Amino acid sequence: MPHTLHTSICDLLGCRYPILQSGMGGVARSELAAAVSEAGAFGCLGMVRETPAKILEQIDEVRARTDKPFGVNLIPAATDPELFNAELDACLSAGVETLVYFWDIVPDAIKRAKDHGCRVVHQVGHVDAAVQAEAAGADAIIAQGVEAGGHVHGSVSSLVLLPQIVDAVSIPVLGSGGFASGRSLVAAMSLGAQGIQCGTRFLATDESFAHDIHKQRVIEAAATDTLHTDAFAINWPPHSPVRVIKNEVTERFVERPFGYLPEDFEREPIAEEEGRPVYLLSTDSPLKSMTGDLEKLALFAGQVSGLIHSTEPAAKVVQRIVDEALVALNELANRIPR
Ligand SMILES: Cc1cc2nc3c(=O)[nH]c(=O)nc-3n(C[C@H](O)[C@H](O)[C@H](O)COP(=O)(O)O)c2cc1C
């Protein structure tokens, strides 16, 4: 049944509420994506640089948990082209209905998905990139503000970027970066967005695959405790900044952010995941499956951490955003003189 929060993104993606969960690499696996979709929002698997076998396994697991629609996140420009093609083949062969891409626009990656009847939602950090993504065939744009957690492509805040992108394209736009509440959903809608995408808020849920250490740091963090830095340079193209919670490592490198690894950089293993070493300054964040010096890893989180005070079930997060948004809308409507 249509409701006040129903927008064109609900029609496009087949979800009840205009709330997307970011496809966070490592963190957003089947348990989280399924819980979010089952609650009426739009869950997404974070599958950047995962093997095709892992992607197929995760897709099957979501489908076993829910019959609601969900998406898969891939990052064409930050993945070896051979692996990316195999990942895309896996998604298309499994009948994934929505791919969520991020970072530089790779028109061929959009075209291949579209040719197979798969929708493409593209997250961008610049107005130009939004225009390029639309021209390449994307169905919707996610406008990522600089306050976002994880990899951050642009340098403009959501409040300014979002309406600029809404004005620049004719496809639906979602706000991303700083959104975690119903009040912020209403704010995004009033800026012309058809919904929001939340990352940090869904990291701090029972179902996310982030290590408890990471969830706890998000809960404790103030809005000023995050840092936009390009110190974490292993695995990604040079000069790919991230927003993380400050730690001992960012303190050490803050005077010397290099954005790429110097030739003489010696890799120092500080943690491991099922026998795989995880290095200092890599873009791995602490996961449930890791052991070691996890506090020194990239603690991806947005400024919105300052508004998140507990870990909760994902369904509770979705419902609270919806309830709060309806109250906020009602309060605004009551201001209109009758
Ligand atoms: C832990 C974490 C991991 C992320 N990993 C990815 C990723 O793999 N792919 C992607 O497109 N975006 C990723 N992002 C960025 C999100 O898509 C989104 O832009 C961001 O979370 C929005 O800001 P918020 O954290 O304030 O909600 C990640 C964000 C976080 C917090």
# chains A, B, ... in the order shown; residues from 1 in each chain; ligands from 1
call {"tool": "residues_around", "arguments": {"residues": "Met189 in chain A", "least_positions_apart": "2", "cutoff": "12 Å", "atoms": "only C-alpha atoms", "output": "JSON, numbers by chain"}}
result
{"A": [4, 5, 6, 7, 8, 9, 18, 19, 159, 162, 163, 166, 172, 173, 174, 175, 179, 182, 183, 184, 185, 186, 187, 191, 192, 193, 194, 195, 196, 325, 328, 329]}
call {"tool": "write_last_selection", "arguments": {"atoms": "C-alpha atoms", "output": "mmCIF file, in the first residue's frame"}}
result
data_model
loop_
_atom_site.group_PDB
_atom_site.id
_atom_site.type_symbol
_atom_site.label_atom_id
_atom_site.label_comp_id
_atom_site.auth_asym_id
_atom_site.auth_seq_id
_atom_site.Cartn_x
_atom_site.Cartn_y
_atom_site.Cartn_z
ATOM 1 C CA THR A 4 3.595 9.111 2.694
ATOM 2 C CA LEU A 5 7.239 8.106 2.303
ATOM 3 C CA HIS A 6 6.665 6.254 -0.960
ATOM 4 C CA THR A 7 8.860 7.712 -3.743
ATOM 5 C CA SER A 8 9.978 6.814 -7.243
ATOM 6 C CA ILE A 9 12.941 4.884 -5.834
ATOM 7 C CA PRO A 18 13.117 4.873 0.341
ATOM 8 C CA ILE A 19 16.054 3.783 2.494
ATOM 9 C CA LEU A 159 23.549 19.620 2.075
ATOM 10 C CA LEU A 162 22.565 16.712 -3.109
ATOM 11 C CA PRO A 163 20.432 19.585 -4.520
ATOM 12 C CA VAL A 166 19.123 16.715 -8.204
ATOM 13 C CA PRO A 172 16.080 9.720 -9.138
ATOM 14 C CA VAL A 173 18.758 10.846 -6.675
ATOM 15 C CA LEU A 174 19.429 9.594 -3.147
ATOM 16 C CA GLY A 175 21.369 11.346 -0.412
ATOM 17 C CA PHE A 179 21.930 10.200 7.001
ATOM 18 C CA GLY A 182 13.968 10.010 9.951
ATOM 19 C CA ARG A 183 14.621 13.720 10.347
ATOM 20 C CA SER A 184 17.502 13.459 7.875
ATOM 21 C CA LEU A 185 15.338 11.443 5.449
ATOM 22 C CA VAL A 186 12.815 14.297 5.434
ATOM 23 C CA ALA A 187 15.652 16.812 4.985
ATOM 24 C CA LEU A 191 16.293 18.866 -1.065
ATOM 25 C CA GLY A 192 14.728 16.907 -3.918
ATOM 26 C CA ALA A 193 16.048 13.426 -3.094
ATOM 27 C CA GLN A 194 13.919 10.330 -3.574
ATOM 28 C CA GLY A 195 15.488 8.693 -0.515
ATOM 29 C CA ILE A 196 18.674 8.101 1.422
ATOM 30 C CA ALA A 325 10.248 10.667 9.298
ATOM 31 C CA ALA A 328 8.803 15.087 11.200
ATOM 32 C CA LEU A 329 6.613 15.356 8.112
#
call {"tool": "residues_near_ligand", "arguments": {"ligand": "ligand 1", "cutoff": "6 Å", "atoms": "only C-alpha atoms and all ligand atoms", "output": "list in words"}}
result
Ser22, Gly23, Met24, Gly25, Gly46, Val48, Phe102, Gln144, Ala148, Gly149, Gly150, His151, Ser176, Gly177, Gly178, Phe179, Cys198, Gly199, Thr200, Phe300, Ala301, Gly302 and Val304 of chain A
call {"tool": "write_last_selection", "arguments": {"atoms": "C-alpha atoms", "output": "PDB file, in the first residue's frame"}}
result
ATOM      1  CA  SER A  22      25.226   0.867   1.675  1.00  0.00           C
ATOM      2  CA  GLY A  23      26.954  -2.147   0.189  1.00  0.00           C
ATOM      3  CA  MET A  24      29.897  -1.996   2.592  1.00  0.00           C
ATOM      4  CA  GLY A  25      32.777  -4.284   1.603  1.00  0.00           C
ATOM      5  CA  GLY A  46      29.113  -5.263  -0.265  1.00  0.00           C
ATOM      6  CA  VAL A  48      33.997  -5.317  -3.742  1.00  0.00           C
ATOM      7  CA  PHE A 102      30.743   3.443  -6.847  1.00  0.00           C
ATOM      8  CA  GLN A 144      27.784  11.057  -1.550  1.00  0.00           C
ATOM      9  CA  ALA A 148      30.261   9.956   4.598  1.00  0.00           C
ATOM     10  CA  GLY A 149      32.106   6.998   6.111  1.00  0.00           C
ATOM     11  CA  GLY A 150      34.375   4.674   4.127  1.00  0.00           C
ATOM     12  CA  HIS A 151      35.838   5.715   0.777  1.00  0.00           C
ATOM     13  CA  SER A 176      24.312   9.556   1.194  1.00  0.00           C
ATOM     14  CA  GLY A 177      26.681  10.734   3.907  1.00  0.00           C
ATOM     15  CA  GLY A 178      25.331  11.892   7.253  1.00  0.00           C
ATOM     16  CA  PHE A 179      21.930  10.200   7.001  1.00  0.00           C
ATOM     17  CA  CYS A 198      22.943   4.822   5.112  1.00  0.00           C
ATOM     18  CA  GLY A 199      26.275   3.129   5.775  1.00  0.00           C
ATOM     19  CA  THR A 200      27.597   3.883   9.265  1.00  0.00           C
ATOM     20  CA  PHE A 300      35.575   3.417   8.450  1.00  0.00           C
ATOM     21  CA  ALA A 301      32.811   5.635   9.802  1.00  0.00           C
ATOM     22  CA  GLY A 302      31.026   8.858   8.933  1.00  0.00           C
ATOM     23  CA  VAL A 304      27.049  10.681  11.699  1.00  0.00           C
TER      24      VAL A 304
END
call {"tool": "select_by_dssp", "arguments": {"residues": "range 46-237 of chain A", "states": "helix (DSSP H, G or I)", "output": "ChimeraX atom specification"}}
result
/A:52-65,76-78,81-93,107-115,127-135,158-168,182-190,200-203,212-220,223-225
call {"tool": "closest_residue", "arguments": {"among": "A:Gln164, A:Pro237, A:Thr205, A:Pro69", "to": "Asp104 in chain A", "atoms": "only C-alpha atoms"}}
result
A:Pro237
call {"tool": "closest_residue", "arguments": {"among": "A:Ile59, A:Leu74, A:Ala135, A:Val160", "to": "Ala94 in chain A", "atoms": "only C-alpha atoms"}}
result
A:Ile59
call {"tool": "closest_residue", "arguments": {"among": "A:Val27, A:Ala34, A:Ala90, A:Cys10", "to": "Ser289 in chain A", "atoms": "only C-alpha atoms"}}
result
A:Val27
call {"tool": "residues_around", "arguments": {"residues": "Asp67 in chain A", "least_positions_apart": "5", "cutoff": "10 Å", "atoms": "only C-alpha atoms", "output": "ChimeraX atom specification"}}
result
/A:34,37-38,62
call {"tool": "select_by_dssp", "arguments": {"residues": "range 55-300 of chain A", "states": "strand (DSSP E)", "output": "PyMOL selection string"}}
result
chain A and resi 70-74+98-102+119-124+140-144+150-151+173-176+195-198+226-229+242-245+269-273+276-279+290-292
call {"tool": "closest_residue", "arguments": {"among": "A:Pro238, A:Cys15, A:Phe209, A:Phe84", "to": "Ser30 in chain A", "atoms": "only C-alpha atoms"}}
result
A:Phe209
call {"tool": "closest_residue", "arguments": {"among": "A:Ser285, A:Thr98, A:Ser157, A:Asn85", "to": "Leu297 in chain A", "atoms": "only C-alpha atoms"}}
result
A:Ser285
call {"tool": "atom_distance", "arguments": {"atom1": "CA of Pro241 in chain A", "atom2": "CA of Leu307 in chain A"}}
result
22.8 Å
call {"tool": "closest_residue", "arguments": {"among": "A:Glu220, A:Leu56, A:Ala140, A:Ala64", "to": "Asp11 in chain A", "atoms": "only C-alpha atoms"}}
result
A:Ala140
call {"tool": "atom_distance", "arguments": {"atom1": "CA of Met290 in chain A", "atom2": "CA of Gly145 in chain A"}}
result
29.7 Å
call {"tool": "atom_distance", "arguments": {"atom1": "CA of Gln123 in chain A", "atom2": "CA of Val100 in chain A"}}
result
7.3 Å
call {"tool": "decode", "arguments": {"residues": "range 68-84 of chain A", "atoms": "all heavy atoms", "output": "mmCIF file, in the first residue's frame"}}
result
data_model
loop_
_atom_site.group_PDB
_atom_site.id
_atom_site.type_symbol
_atom_site.label_atom_id
_atom_site.label_comp_id
_atom_site.auth_asym_id
_atom_site.auth_seq_id
_atom_site.Cartn_x
_atom_site.Cartn_y
_atom_site.Cartn_z
ATOM 1 N N LYS A 68 12.460 -10.591 -0.552
ATOM 2 C CA LYS A 68 12.394 -9.176 -0.930
ATOM 3 C C LYS A 68 13.590 -8.802 -1.827
ATOM 4 O O LYS A 68 14.633 -9.454 -1.763
ATOM 5 C CB LYS A 68 12.422 -8.290 0.329
ATOM 6 C CG LYS A 68 11.342 -8.597 1.344
ATOM 7 C CD LYS A 68 10.049 -7.946 0.934
ATOM 8 C CE LYS A 68 9.001 -7.882 2.012
ATOM 9 N NZ LYS A 68 8.836 -9.008 2.905
ATOM 10 N N PRO A 69 13.434 -7.738 -2.644
ATOM 11 C CA PRO A 69 14.548 -7.345 -3.519
ATOM 12 C C PRO A 69 15.756 -6.804 -2.756
ATOM 13 O O PRO A 69 15.610 -6.227 -1.673
ATOM 14 C CB PRO A 69 13.948 -6.248 -4.402
ATOM 15 C CG PRO A 69 12.578 -5.991 -3.922
ATOM 16 C CD PRO A 69 12.245 -6.918 -2.805
ATOM 17 N N PHE A 70 16.923 -6.992 -3.339
ATOM 18 C CA PHE A 70 18.173 -6.490 -2.746
ATOM 19 C C PHE A 70 19.150 -6.205 -3.889
ATOM 20 O O PHE A 70 18.919 -6.596 -5.029
ATOM 21 C CB PHE A 70 18.774 -7.524 -1.777
ATOM 22 C CG PHE A 70 19.193 -8.806 -2.455
ATOM 23 C CD1 PHE A 70 20.515 -9.012 -2.840
ATOM 24 C CD2 PHE A 70 18.264 -9.797 -2.738
ATOM 25 C CE1 PHE A 70 20.894 -10.185 -3.478
ATOM 26 C CE2 PHE A 70 18.636 -10.968 -3.392
ATOM 27 C CZ PHE A 70 19.951 -11.167 -3.760
ATOM 28 N N GLY A 71 20.244 -5.539 -3.579
ATOM 29 C CA GLY A 71 21.239 -5.220 -4.596
ATOM 30 C C GLY A 71 22.608 -5.800 -4.256
ATOM 31 O O GLY A 71 22.813 -6.368 -3.181
ATOM 32 N N VAL A 72 23.523 -5.659 -5.207
ATOM 33 C CA VAL A 72 24.922 -6.069 -4.993
ATOM 34 C C VAL A 72 25.805 -4.883 -5.353
ATOM 35 O O VAL A 72 25.631 -4.268 -6.412
ATOM 36 C CB VAL A 72 25.299 -7.286 -5.863
ATOM 37 C CG1 VAL A 72 26.784 -7.643 -5.671
ATOM 38 C CG2 VAL A 72 24.426 -8.491 -5.529
ATOM 39 N N ASN A 73 26.741 -4.543 -4.462
ATOM 40 C CA ASN A 73 27.658 -3.431 -4.704
ATOM 41 C C ASN A 73 28.998 -3.941 -5.231
ATOM 42 O O ASN A 73 29.606 -4.843 -4.662
ATOM 43 C CB ASN A 73 27.896 -2.667 -3.391
ATOM 44 C CG ASN A 73 29.005 -1.620 -3.509
ATOM 45 O OD1 ASN A 73 30.108 -1.821 -3.011
ATOM 46 N ND2 ASN A 73 28.726 -0.518 -4.166
ATOM 47 N N LEU A 74 29.418 -3.343 -6.342
ATOM 48 C CA LEU A 74 30.738 -3.616 -6.919
ATOM 49 C C LEU A 74 31.398 -2.267 -7.215
ATOM 50 O O LEU A 74 30.710 -1.265 -7.394
ATOM 51 C CB LEU A 74 30.617 -4.409 -8.229
ATOM 52 C CG LEU A 74 29.956 -5.791 -8.167
ATOM 53 C CD1 LEU A 74 29.832 -6.375 -9.585
ATOM 54 C CD2 LEU A 74 30.743 -6.756 -7.278
ATOM 55 N N ILE A 75 32.728 -2.273 -7.325
ATOM 56 C CA ILE A 75 33.428 -1.015 -7.600
ATOM 57 C C ILE A 75 34.337 -1.219 -8.808
ATOM 58 O O ILE A 75 35.511 -1.608 -8.665
ATOM 59 C CB ILE A 75 34.217 -0.541 -6.358
ATOM 60 C CG1 ILE A 75 33.276 -0.518 -5.140
ATOM 61 C CG2 ILE A 75 34.828 0.839 -6.621
ATOM 62 C CD1 ILE A 75 33.816 0.128 -3.906
ATOM 63 N N PRO A 76 33.805 -0.968 -10.028
ATOM 64 C CA PRO A 76 34.562 -1.270 -11.245
ATOM 65 C C PRO A 76 35.968 -0.662 -11.251
ATOM 66 O O PRO A 76 36.943 -1.342 -11.547
ATOM 67 C CB PRO A 76 33.698 -0.661 -12.368
ATOM 68 C CG PRO A 76 32.329 -0.539 -11.801
ATOM 69 C CD PRO A 76 32.476 -0.403 -10.325
ATOM 70 N N ALA A 77 36.071 0.643 -10.896
ATOM 71 C CA ALA A 77 37.354 1.332 -11.049
ATOM 72 C C ALA A 77 38.390 0.933 -9.986
ATOM 73 O O ALA A 77 39.557 1.280 -10.112
ATOM 74 C CB ALA A 77 37.132 2.843 -11.009
ATOM 75 N N ALA A 78 37.962 0.210 -8.947
ATOM 76 C CA ALA A 78 38.926 -0.171 -7.902
ATOM 77 C C ALA A 78 39.128 -1.684 -7.876
ATOM 78 O O ALA A 78 39.565 -2.248 -6.877
ATOM 79 C CB ALA A 78 38.441 0.322 -6.546
ATOM 80 N N THR A 79 38.773 -2.339 -8.979
ATOM 81 C CA THR A 79 38.892 -3.799 -9.039
ATOM 82 C C THR A 79 39.677 -4.161 -10.296
ATOM 83 O O THR A 79 39.461 -3.551 -11.355
ATOM 84 C CB THR A 79 37.478 -4.439 -9.101
ATOM 85 O OG1 THR A 79 36.702 -3.929 -8.008
ATOM 86 C CG2 THR A 79 37.531 -5.952 -9.006
ATOM 87 N N ASP A 80 40.575 -5.125 -10.170
ATOM 88 C CA ASP A 80 41.300 -5.603 -11.340
ATOM 89 C C ASP A 80 40.270 -5.975 -12.427
ATOM 90 O O ASP A 80 39.283 -6.662 -12.128
ATOM 91 C CB ASP A 80 42.104 -6.840 -10.912
ATOM 92 C CG ASP A 80 42.655 -7.572 -12.101
ATOM 93 O OD1 ASP A 80 43.605 -7.063 -12.686
ATOM 94 O OD2 ASP A 80 42.089 -8.642 -12.466
ATOM 95 N N PRO A 81 40.456 -5.491 -13.672
ATOM 96 C CA PRO A 81 39.410 -5.676 -14.695
ATOM 97 C C PRO A 81 38.992 -7.139 -14.894
ATOM 98 O O PRO A 81 37.800 -7.416 -15.089
ATOM 99 C CB PRO A 81 40.060 -5.125 -15.970
ATOM 100 C CG PRO A 81 41.093 -4.166 -15.488
ATOM 101 C CD PRO A 81 41.572 -4.682 -14.161
ATOM 102 N N GLU A 82 39.952 -8.063 -14.819
ATOM 103 C CA GLU A 82 39.593 -9.471 -15.022
ATOM 104 C C GLU A 82 38.663 -9.967 -13.911
ATOM 105 O O GLU A 82 37.649 -10.623 -14.152
ATOM 106 C CB GLU A 82 40.870 -10.311 -15.038
ATOM 107 C CG GLU A 82 40.722 -11.598 -15.825
ATOM 108 C CD GLU A 82 42.065 -12.318 -15.873
ATOM 109 O OE1 GLU A 82 43.087 -11.671 -16.215
ATOM 110 O OE2 GLU A 82 42.087 -13.511 -15.553
ATOM 111 N N LEU A 83 39.026 -9.600 -12.669
ATOM 112 C CA LEU A 83 38.179 -9.997 -11.538
ATOM 113 C C LEU A 83 36.814 -9.312 -11.646
ATOM 114 O O LEU A 83 35.771 -9.938 -11.442
ATOM 115 C CB LEU A 83 38.856 -9.642 -10.207
ATOM 116 C CG LEU A 83 38.001 -9.880 -8.957
ATOM 117 C CD1 LEU A 83 37.584 -11.355 -8.843
ATOM 118 C CD2 LEU A 83 38.740 -9.453 -7.679
ATOM 119 N N PHE A 84 36.827 -8.024 -12.014
ATOM 120 C CA PHE A 84 35.545 -7.312 -12.110
ATOM 121 C C PHE A 84 34.623 -7.996 -13.116
ATOM 122 O O PHE A 84 33.432 -8.208 -12.843
ATOM 123 C CB PHE A 84 35.735 -5.830 -12.470
ATOM 124 C CG PHE A 84 34.405 -5.156 -12.639
ATOM 125 C CD1 PHE A 84 33.650 -4.819 -11.522
ATOM 126 C CD2 PHE A 84 33.869 -4.945 -13.903
ATOM 127 C CE1 PHE A 84 32.379 -4.266 -11.664
ATOM 128 C CE2 PHE A 84 32.607 -4.389 -14.049
ATOM 129 C CZ PHE A 84 31.859 -4.050 -12.934
#
